[in-house]
Each structure stands twice: as structure tokens, then as C-alpha cells.
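S.K.: Just dropping this structure here.
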Amino acid sequence: MRLLTRICWLLLGVLFIFSGLVKLNDPIGTAYKLEEYFEVFAASVPSMAGFFLWFKDSSRTLSIVLSSLEVILGAALLLRWHLRQTLWVLLTLLVFFTFLTFYSAAFNKVTDCGCFGDFIKLTPWTSFSKDVFLLVLWAVVFFNQRYLRRVFARGMLGIMYMTLASAVAIGIGVRALGHLPYFDFLPYKVGNDIGKLMKASEPLRYKYIMEKNGATQEFTEYPTDTTWKYKQMVALNPEAGPKITDFKVWNDQGDYTQELLKGNKLVLIIQNTDKADRDRFLMINKLLQSADSSQKKISHLVITSSSPAEFDAFRHEVNLSAPFYYADATVLKSMIRSNPGFMLLKDGVVKGKFHYHDIPTRATLEELL
């Protein structure tokens with residue numbers, strides 16, 4: 001039991017730190033998931049819609065707080081610092097996450113919980129099972145604390161360690177919030193060929209689940225016997241399917257998607273005009289103008305998910321002069337965690353991504369191309 005308790009103690013602490021760090025790598029992505037939850041709760045409980053929508057507006061702060069808390073509590077657990085109190089706070093956080101993952105799984109809402117960001121994709125029931133497993137680890141540690149009496153940091157030393165852990169965790173999250181994620185796990189990361197990822201890597205193969213007289217049978221080819229009733233079609237090699245399925249760019253003249261994937265393009269992405277930062281547009285406009293005279297023949301354009309009327313008012317407000325196109329809001333959020341943000345493309349290959357706090361020079365763009 002002593003060995004089992006120590007294994008559970010170590011696993012619980014390490015998993016909490018790992019989970020928190022993955023979320024802190026991309027706090028905006030974590031905030032998007034929280035926003036989805038609050039929107040669902042607001043729609044499900046109309047009498048409390050204002051309460052949940054208030055939390056939705058604070059989702060980025062909550063993202064940093066909850067993700068940092070995971071790291072801090074994990075560190076406190078491994079140091080056995082105020083062990084009993086740490087375990088009670090851990091339980092509160094675990095119950096909260098378990099409720100969210102159960103709600104997602106049972107009601108098919110927010111189907112990717114974001115537990116490990118885009119680094120590890122978990123289905124709702126897998127996420128719920130993971131949280132139940134963590135609760136089991138917690139129970140083993142809580143009811144066998146007598147085997148964990150040794151504290152690795154007491155008194156002032158413990159306070160110093162926890163202060164350091166808190167500063168590091170919060171600092172990592174705040175830095176990622178004001179720039180781009182340290183590690184990009186999205187399909188539009190630097191080096192990816194968008195056009196290639198929009199196609200299957202090999203022909204998809206399927207199996208057909210059919211039913212007749214109460215019996216179910218699987219076929220690799222659709223049966224010609226019409227007495228079989230169709231139930232389900234399942235891909236045998238889903239990993240070969242397109243990694244990008246919803247990328248489409250258009251304007252009033254029609255589809256621009258394939259044209260965007262040709263030549264050198266500097267794309268300014270404005271996810272929505274309501275929340276777009278306006279302070280950097282003097283520098284942004286200078287970069288767009290300088291790109292026109294580049295020997296690399298860089299074409300610049302804007303992609304937004306805002307309505308034509310909203311974007312028209314916005315571009316006059318910030319003196320933005322560039323051809324503009326439209327795309328789905330979710331696609332733009334996946335393309336870059338910055339509003340506005342730049343993406344540099346060369347024949348559809350992502351050569352660079354830039355937060356509005358890190359606006360590049362023309363020379364930097366030319367070097368990347």
C-alpha cells in the first residue's frame with residue numbers, strides 16, 4: 001500500500017503539471033473551449049444566461065487562472081506542501097473538470113474538452129474516463145496520507161518554492177497570451193502545406209454495417225442484396241482523410257481558396273472587428289505597403305469573419321487599404337491565435353505566423369520566403 005500510494009501520488013502530481021502546462025502553451029485555445037461551455041450553459045439554463053455570459057467574457061482570465069492552478073497544485077502535491085489542504089483543493093478542481101467532461105459526453109456538447117489542448121485530442125468519454133482515473137488516484141492518496149508524511153519543503157523554503165512555481169506558471173501563460181503558442185499543434189502551423197492537408201493522403205476505405213432479420217453483419221463492399229438494411233458506414237483508415245476540411249475563402253466575386261494557395265501571400269487575419277486590437281494598425285499598414293515593393297512579389301490581403309458592414313466600418317476606422325475576403329470564424333481561430341495576426345504563405349505552405357505584438361519587417365518576410 002505504501003508503494004501504491006507513492007505511485008499514485010507521483011502520477012497525480014505529474015499529470016496535473018503536464019495538463020496545466022499544455023493548456024498554458026495555448027491559453028487562448030483553452031479560453032475558446034471555456035467560451036463554448038459557457039455558451040452551452042447559457043442556452044441550457046436561460047434563467048442564468050447572464051451569469052454564464054459574464055464568465056464567457058472572462059474566459060481568457062479563467063484560462064490562465066485554472067491552467068496555472070493545475071501546475072501550482074501539482075507542484076504542491078509533489079512537494080507535499082500542506083498536503084491535506086492541497087488535496088482538498090485538487091478535489092474541487094477534479095470535480096469541476098469531471099462535471100464538464102461528463103456533460104460533454106452525456107449530452108454531446110463541446111465534443112473536444114480541450115483537456116490537453118490540441119496536443120492530445122480526447123473524445124468526451126475518454127476525457128471523462130481520464131478524470132475518473134484521476135479521482136481514483138486522488139482517493140488512494142487522500143486515504144493513505146500516513147505513507148506521505150515526509151514534506152520536501154517546509155516553512156520559508158516551501159513558500160519560496162510555491163512562489164517560484166506560481167510565477168513560472170503564470171508567466172508562461174501570460175507570455176503565450178500576448179504572443180503565439182510556444183508549440184503550435186494546429187493544422188495551420190509553420191511548415192504545413194494547406195493544399196496538401198485538404199486532400200486525403202490515400203483513398204479512404206469503408207466498412208458497411210448492415211442488418212437483416214435482427215442480425216448485424218459488416219461488409220467491406222456495399223451488398224447488392226437489397227434485403228440488407230443500411231445501419232452505418234465506418235472509415236477503416238480515418239487517419240488518411242483530409243486534416244483540413246473546412247478551409248474556404250471567398251468574396252463577392254466567388255471562391256478565392258485555390259488562388260490564395262498560389263504564389264507569395266501575406267495574409268492579415270482579422271477574426272472579428274469587435275475584439276480586434278486597433279493600436280498596431282499604423283505598423284500593420286506600413287508593413288502591407290512595404291510588401292508591395294518587395295522583389296519577392298508578395299501580395300497582401302485581409303481575411304475576416306465579420307459581416308461586410310462591420311468590416312467596412314472597421315477598415316475606414318484604421319485606414320486599412322487592402323483587398324479583403326471572408327472565411328468562417330472557427331477556421332480563422334485555428335489559423336492563428338491573434339486578432340489581428342499575420343500568416344505568410346508560399347504556394348500554400350505556411351512560412352511564418354506573427355502576433356500583432358510581433359509584427360515583422362519586410363526583410364524578415366523575404367528571408368522566410
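Each chain of the C-alpha cells is named A, B, ... in the order shown, its residues numbered from 1; ligands are numbered from 1 in display order.
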Find the residues near stretch 220-222 of chain A: any atom within 7 Å, counting only C-alpha atoms, skip ones fewer than 3 places away on the same chain, and give them as an MDAnalysis selection string.

M.R.: chainID A and resid 206:208

S.K.: Could you list, as a list in words, every residue within 8 Å of A:Leu180, counting only C-alpha atoms and ignoring same-chain residues fewer than 2 positions away?

M.R.: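 Once the nearby chain positions are removed, what remains is Asp26, Ala176, Leu177, Gly178, Tyr182, Ile336, Arg337, Ser338, Phe354 and His355 of chain A.
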
S.K.: Go through A:Asn144, A:Thr226, A:Ser104, A:Asn339 one by one, measure the shortest atom-to-atom distance of each to A:Asp279 using only C-alpha atoms, and give the residue with the smallest value.

M.R.: A:Asn339

S.K.: Would you kindly return, as a VMD selection string, each protein, DNA or RNA residue with an atom no farther than 8 Å from any atom of A:Leu266, considering only C-alpha atoms and excluding same-chain residues fewer than 2 positions away?

M.R.: chain A and resid 264 268 291 298 to 301 342 to 345

S.K.: Can you measure atom CA of A:Gly191 to atom CA of A:Met335 for me? One decimal in Å is fine.

M.R.: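 So the two atoms, atom CA of A:Gly191 and atom CA of A:Met335, lie 12.9 Å apart.
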
S.K.: Take atom CA of A:Lys56 and atom CA of A:Arg278 and report the distance between them in Å, one decimal.

M.R.: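 Going from atom CA of A:Lys56 over to atom CA of A:Arg278, I get 22.1 Å.
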
S.K.: Could you give me the residues within stretch 126-341 of chain A that DSSP places in helix (DSSP H, G or I), as JSON, numbers by chain?

M.R.: {"A": [126, 127, 128, 129, 130, 131, 132, 133, 134, 135, 136, 137, 138, 139, 140, 141, 142, 145, 146, 147, 148, 155, 156, 157, 158, 159, 160, 161, 162, 163, 164, 165, 166, 167, 168, 169, 170, 171, 172, 173, 174, 175, 176, 177, 194, 195, 196, 197, 238, 239, 240, 257, 258, 259, 260, 281, 282, 283, 284, 285, 286, 287, 288, 289, 290, 291, 292, 308, 309, 310, 311, 312, 313, 314, 315, 316, 317, 329, 330, 331, 332, 333, 334, 335]}

S.K.: Hey, what's within 9 Å of A:Trp125 if we count only C-alpha atoms and toss same-chain stuff fewer than 6 positions away? As number ranges by chain, please?

M.R.: A: 101-102, 104-106

S.K.: Would you output that residue set with N, CA, C and O atoms, as a CSV table (one decimal), in the first residue's frame?

M.R.:
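And here's out.csv as it stands now:
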```csv
chain,number,residue,atom,x,y,z
A,101,THR,N,-16.6,17.2,-18.3
A,101,THR,CA,-16.4,16.2,-19.3
A,101,THR,C,-17.6,15.2,-19.3
A,101,THR,O,-17.9,14.7,-20.4
A,102,PHE,N,-18.2,15.0,-18.2
A,102,PHE,CA,-19.4,14.1,-18.2
A,102,PHE,C,-20.5,14.8,-19.0
A,102,PHE,O,-21.2,14.2,-19.8
A,104,SER,N,-20.2,17.0,-21.4
A,104,SER,CA,-19.8,16.9,-22.8
A,104,SER,C,-20.2,15.5,-23.4
A,104,SER,O,-20.7,15.4,-24.5
A,105,ALA,N,-19.8,14.5,-22.7
A,105,ALA,CA,-20.0,13.1,-23.1
A,105,ALA,C,-21.5,12.7,-23.2
A,105,ALA,O,-22.0,12.2,-24.1
A,106,ALA,N,-22.2,13.0,-22.1
A,106,ALA,CA,-23.6,12.6,-22.0
A,106,ALA,C,-24.6,13.4,-22.9
A,106,ALA,O,-25.5,12.8,-23.4
```

S.K.: Between atom CA of A:Leu369 and atom CA of A:Ile284, measure the distance and give it in Å to one decimal.

M.R.: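 It comes out at 19.1 Å.
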
S.K.: When you look at A:Glu39 with a cut-off of 8 Å (counting only C-alpha atoms), what residues show up, excluding the ones that are within fewer than 3 positions of it in the same chain? I need them as a list of chain:residue names.

M.R.: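 Non-adjacent residues within range: A:Glu35, A:Glu36, A:Ala42, A:Ala43, A:Phe52, A:Leu53, A:Lys56.
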
S.K.: With distances taken over only C-alpha atoms, which residue among A:Pro340, A:Pro27, A:Gly173, A:Gly13 lies nearest A:Val141?

M.R.: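 Ranking A:Pro340, A:Pro27, A:Gly173, A:Gly13 by distance to A:Val141, first place goes to A:Gly13.
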
S.K.: From the set A:Leu320, A:Leu90, A:Ala200, A:Ile303, which residue has the shortest atom-to-atom contact distance to A:Lys286, counting only C-alpha atoms?

M.R.: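 With only C-alpha atoms as the atom set, the closest residue is A:Leu320.
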
S.K.: Residues at most 8 Å from stretch 163-167 of chain A, counting only C-alpha atoms, excluding those fewer than 6 positions away in the same chain, as a list in words?

M.R.: Ser68, Val71, Ile72 and Ala75 of chain A

S.K.: For the residues in that selection, give me N, CA, C and O atoms as a PDB file, in the first residue's frame.

M.R.:
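Below you can see out_19.pdb, which holds the result:
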```pdb
ATOM      1  N   SER A  68      -2.929  27.647 -14.592  1.00  0.00           N
ATOM      2  CA  SER A  68      -1.833  27.883 -13.640  1.00  0.00           C
ATOM      3  C   SER A  68      -2.081  27.131 -12.343  1.00  0.00           C
ATOM      4  O   SER A  68      -1.144  26.588 -11.739  1.00  0.00           O
ATOM      5  N   VAL A  71      -0.885  23.572 -12.475  1.00  0.00           N
ATOM      6  CA  VAL A  71       0.568  23.449 -12.303  1.00  0.00           C
ATOM      7  C   VAL A  71       0.954  23.676 -10.847  1.00  0.00           C
ATOM      8  O   VAL A  71       1.750  22.924 -10.269  1.00  0.00           O
ATOM      9  N   ILE A  72       0.384  24.704 -10.233  1.00  0.00           N
ATOM     10  CA  ILE A  72       0.720  25.055  -8.844  1.00  0.00           C
ATOM     11  C   ILE A  72       0.324  23.932  -7.891  1.00  0.00           C
ATOM     12  O   ILE A  72       1.113  23.539  -7.006  1.00  0.00           O
ATOM     13  N   ALA A  75       2.628  20.941  -8.327  1.00  0.00           N
ATOM     14  CA  ALA A  75       3.916  21.169  -7.667  1.00  0.00           C
ATOM     15  C   ALA A  75       3.767  21.036  -6.144  1.00  0.00           C
ATOM     16  O   ALA A  75       4.619  20.431  -5.478  1.00  0.00           O
TER      17      ALA A  75
END
```

S.K.: Just list the residues in stretch 142-272 of chain A DSSP gives strand (DSSP E) on the backbone, as a ChimeraX atom specification.

M.R.: /A:206-212,215-219,229-235,250-251,254-255,264-270

S.K.: Using N, CA and C atoms, can you export the residues from the last selection as an mmCIF file, in the first residue's frame?

M.R.:
```cif
data_model
loop_
_atom_site.group_PDB
_atom_site.id
_atom_site.type_symbol
_atom_site.label_atom_id
_atom_site.label_comp_id
_atom_site.auth_asym_id
_atom_site.auth_seq_id
_atom_site.Cartn_x
_atom_site.Cartn_y
_atom_site.Cartn_z
ATOM 1 N N TYR A 206 -13.895 1.953 -46.480
ATOM 2 C CA TYR A 206 -15.007 1.935 -45.537
ATOM 3 C C TYR A 206 -15.495 0.509 -45.313
ATOM 4 N N LYS A 207 -16.157 0.326 -44.188
ATOM 5 C CA LYS A 207 -16.928 -0.896 -43.966
ATOM 6 C C LYS A 207 -18.381 -0.485 -43.735
ATOM 7 N N TYR A 208 -19.282 -1.337 -44.171
ATOM 8 C CA TYR A 208 -20.711 -1.040 -44.086
ATOM 9 C C TYR A 208 -21.348 -2.003 -43.085
ATOM 10 N N ILE A 209 -22.013 -1.428 -42.121
ATOM 11 C CA ILE A 209 -22.703 -2.234 -41.114
ATOM 12 C C ILE A 209 -24.164 -2.340 -41.525
ATOM 13 N N MET A 210 -24.599 -3.572 -41.801
ATOM 14 C CA MET A 210 -25.937 -3.818 -42.318
ATOM 15 C C MET A 210 -26.703 -4.735 -41.364
ATOM 16 N N GLU A 211 -28.021 -4.737 -41.505
ATOM 17 C CA GLU A 211 -28.865 -5.541 -40.623
ATOM 18 C C GLU A 211 -29.939 -6.260 -41.443
ATOM 19 N N LYS A 212 -30.198 -7.526 -41.064
ATOM 20 C CA LYS A 212 -31.260 -8.310 -41.691
ATOM 21 C C LYS A 212 -31.786 -9.323 -40.699
ATOM 22 N N ALA A 215 -30.167 -9.619 -37.318
ATOM 23 C CA ALA A 215 -28.728 -9.924 -37.295
ATOM 24 C C ALA A 215 -27.948 -8.791 -37.941
ATOM 25 N N THR A 216 -26.791 -8.488 -37.372
ATOM 26 C CA THR A 216 -25.925 -7.414 -37.890
ATOM 27 C C THR A 216 -24.677 -8.031 -38.501
ATOM 28 N N GLN A 217 -24.263 -7.498 -39.650
ATOM 29 C CA GLN A 217 -23.066 -8.004 -40.323
ATOM 30 C C GLN A 217 -22.314 -6.851 -40.972
ATOM 31 N N GLU A 218 -20.975 -7.002 -41.036
ATOM 32 C CA GLU A 218 -20.136 -5.975 -41.648
ATOM 33 C C GLU A 218 -19.701 -6.413 -43.044
ATOM 34 N N PHE A 219 -19.690 -5.450 -43.986
ATOM 35 C CA PHE A 219 -19.253 -5.706 -45.351
ATOM 36 C C PHE A 219 -18.192 -4.677 -45.739
ATOM 37 N N LYS A 229 -30.490 -4.059 -44.630
ATOM 38 C CA LYS A 229 -30.795 -2.657 -44.331
ATOM 39 C C LYS A 229 -29.556 -1.939 -43.817
ATOM 40 N N TYR A 230 -29.325 -0.787 -44.389
ATOM 41 C CA TYR A 230 -28.130 0.010 -44.013
ATOM 42 C C TYR A 230 -28.266 0.553 -42.587
ATOM 43 N N LYS A 231 -27.178 0.411 -41.783
ATOM 44 C CA LYS A 231 -27.155 0.974 -40.430
ATOM 45 C C LYS A 231 -26.095 2.054 -40.271
ATOM 46 N N GLN A 232 -24.871 1.757 -40.761
ATOM 47 C CA GLN A 232 -23.767 2.691 -40.514
ATOM 48 C C GLN A 232 -22.626 2.436 -41.495
ATOM 49 N N MET A 233 -21.880 3.499 -41.793
ATOM 50 C CA MET A 233 -20.670 3.388 -42.606
ATOM 51 C C MET A 233 -19.504 3.908 -41.772
ATOM 52 N N VAL A 234 -18.451 3.111 -41.649
ATOM 53 C CA VAL A 234 -17.317 3.455 -40.796
ATOM 54 C C VAL A 234 -16.034 3.423 -41.626
ATOM 55 N N ALA A 235 -15.220 4.482 -41.507
ATOM 56 C CA ALA A 235 -13.944 4.531 -42.233
ATOM 57 C C ALA A 235 -12.951 3.554 -41.618
ATOM 58 N N TRP A 250 -13.569 33.382 -49.585
ATOM 59 C CA TRP A 250 -14.386 33.903 -50.684
ATOM 60 C C TRP A 250 -14.593 35.413 -50.540
ATOM 61 N N ASN A 251 -15.082 36.008 -51.616
ATOM 62 C CA ASN A 251 -15.548 37.405 -51.583
ATOM 63 C C ASN A 251 -16.799 37.502 -52.444
ATOM 64 N N GLY A 254 -16.805 35.446 -55.659
ATOM 65 C CA GLY A 254 -16.803 33.986 -55.629
ATOM 66 C C GLY A 254 -15.684 33.407 -54.780
ATOM 67 N N ASP A 255 -15.381 32.131 -55.003
ATOM 68 C CA ASP A 255 -14.408 31.381 -54.215
ATOM 69 C C ASP A 255 -12.981 31.824 -54.557
ATOM 70 N N ASN A 264 3.294 34.029 -53.416
ATOM 71 C CA ASN A 264 3.632 34.540 -52.084
ATOM 72 C C ASN A 264 2.515 35.448 -51.587
ATOM 73 N N LYS A 265 1.940 35.086 -50.463
ATOM 74 C CA LYS A 265 0.819 35.848 -49.928
ATOM 75 C C LYS A 265 1.087 36.226 -48.470
ATOM 76 N N LEU A 266 0.896 37.519 -48.168
ATOM 77 C CA LEU A 266 0.927 37.981 -46.781
ATOM 78 C C LEU A 266 -0.528 38.213 -46.378
ATOM 79 N N VAL A 267 -1.017 37.370 -45.481
ATOM 80 C CA VAL A 267 -2.432 37.383 -45.115
ATOM 81 C C VAL A 267 -2.592 38.023 -43.736
ATOM 82 N N LEU A 268 -3.358 39.092 -43.689
ATOM 83 C CA LEU A 268 -3.719 39.708 -42.418
ATOM 84 C C LEU A 268 -5.066 39.124 -41.995
ATOM 85 N N ILE A 269 -5.075 38.412 -40.880
ATOM 86 C CA ILE A 269 -6.290 37.750 -40.394
ATOM 87 C C ILE A 269 -6.910 38.595 -39.287
ATOM 88 N N ILE A 270 -8.126 39.035 -39.528
ATOM 89 C CA ILE A 270 -8.889 39.785 -38.523
ATOM 90 C C ILE A 270 -10.102 38.933 -38.189
#
```

S.K.: Taking 6 positions as the minimum chain separation for residues in the same chain, which residues sit within 8 Å of stretch 95-98 of chain A when counting only C-alpha atoms? Answer as a list in words.

M.R.: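 Once the adjacent positions are removed, what remains is Phe128, Asp131 and Val132 of chain A.
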
S.K.: I need the residues from that last selection saved to file as a short mmCIF file (atom, residue, chain, number, x, y, z; two decimals), in the first residue's frame (with N, CA, C and O atoms), if you can.

M.R.:
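Below you can see part.cif, which holds the result:
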```cif
data_model
loop_
_atom_site.label_atom_id
_atom_site.label_comp_id
_atom_site.auth_asym_id
_atom_site.auth_seq_id
_atom_site.Cartn_x
_atom_site.Cartn_y
_atom_site.Cartn_z
N PHE A 128 -13.74 11.96 -19.88
CA PHE A 128 -14.43 11.65 -18.62
C PHE A 128 -13.73 10.49 -17.90
O PHE A 128 -13.52 10.55 -16.68
N ASP A 131 -10.67 11.69 -16.15
CA ASP A 131 -10.95 12.39 -14.89
C ASP A 131 -11.36 11.43 -13.78
O ASP A 131 -11.01 11.63 -12.61
N VAL A 132 -12.09 10.38 -14.13
CA VAL A 132 -12.44 9.35 -13.13
C VAL A 132 -11.17 8.67 -12.63
O VAL A 132 -11.02 8.40 -11.42
#
```

S.K.: Which residue, A:Ser63, A:Thr5, A:Thr92, A:Ser306, has the smallest gap to A:Ala31 when you use only C-alpha atoms?

M.R.: A:Ser63
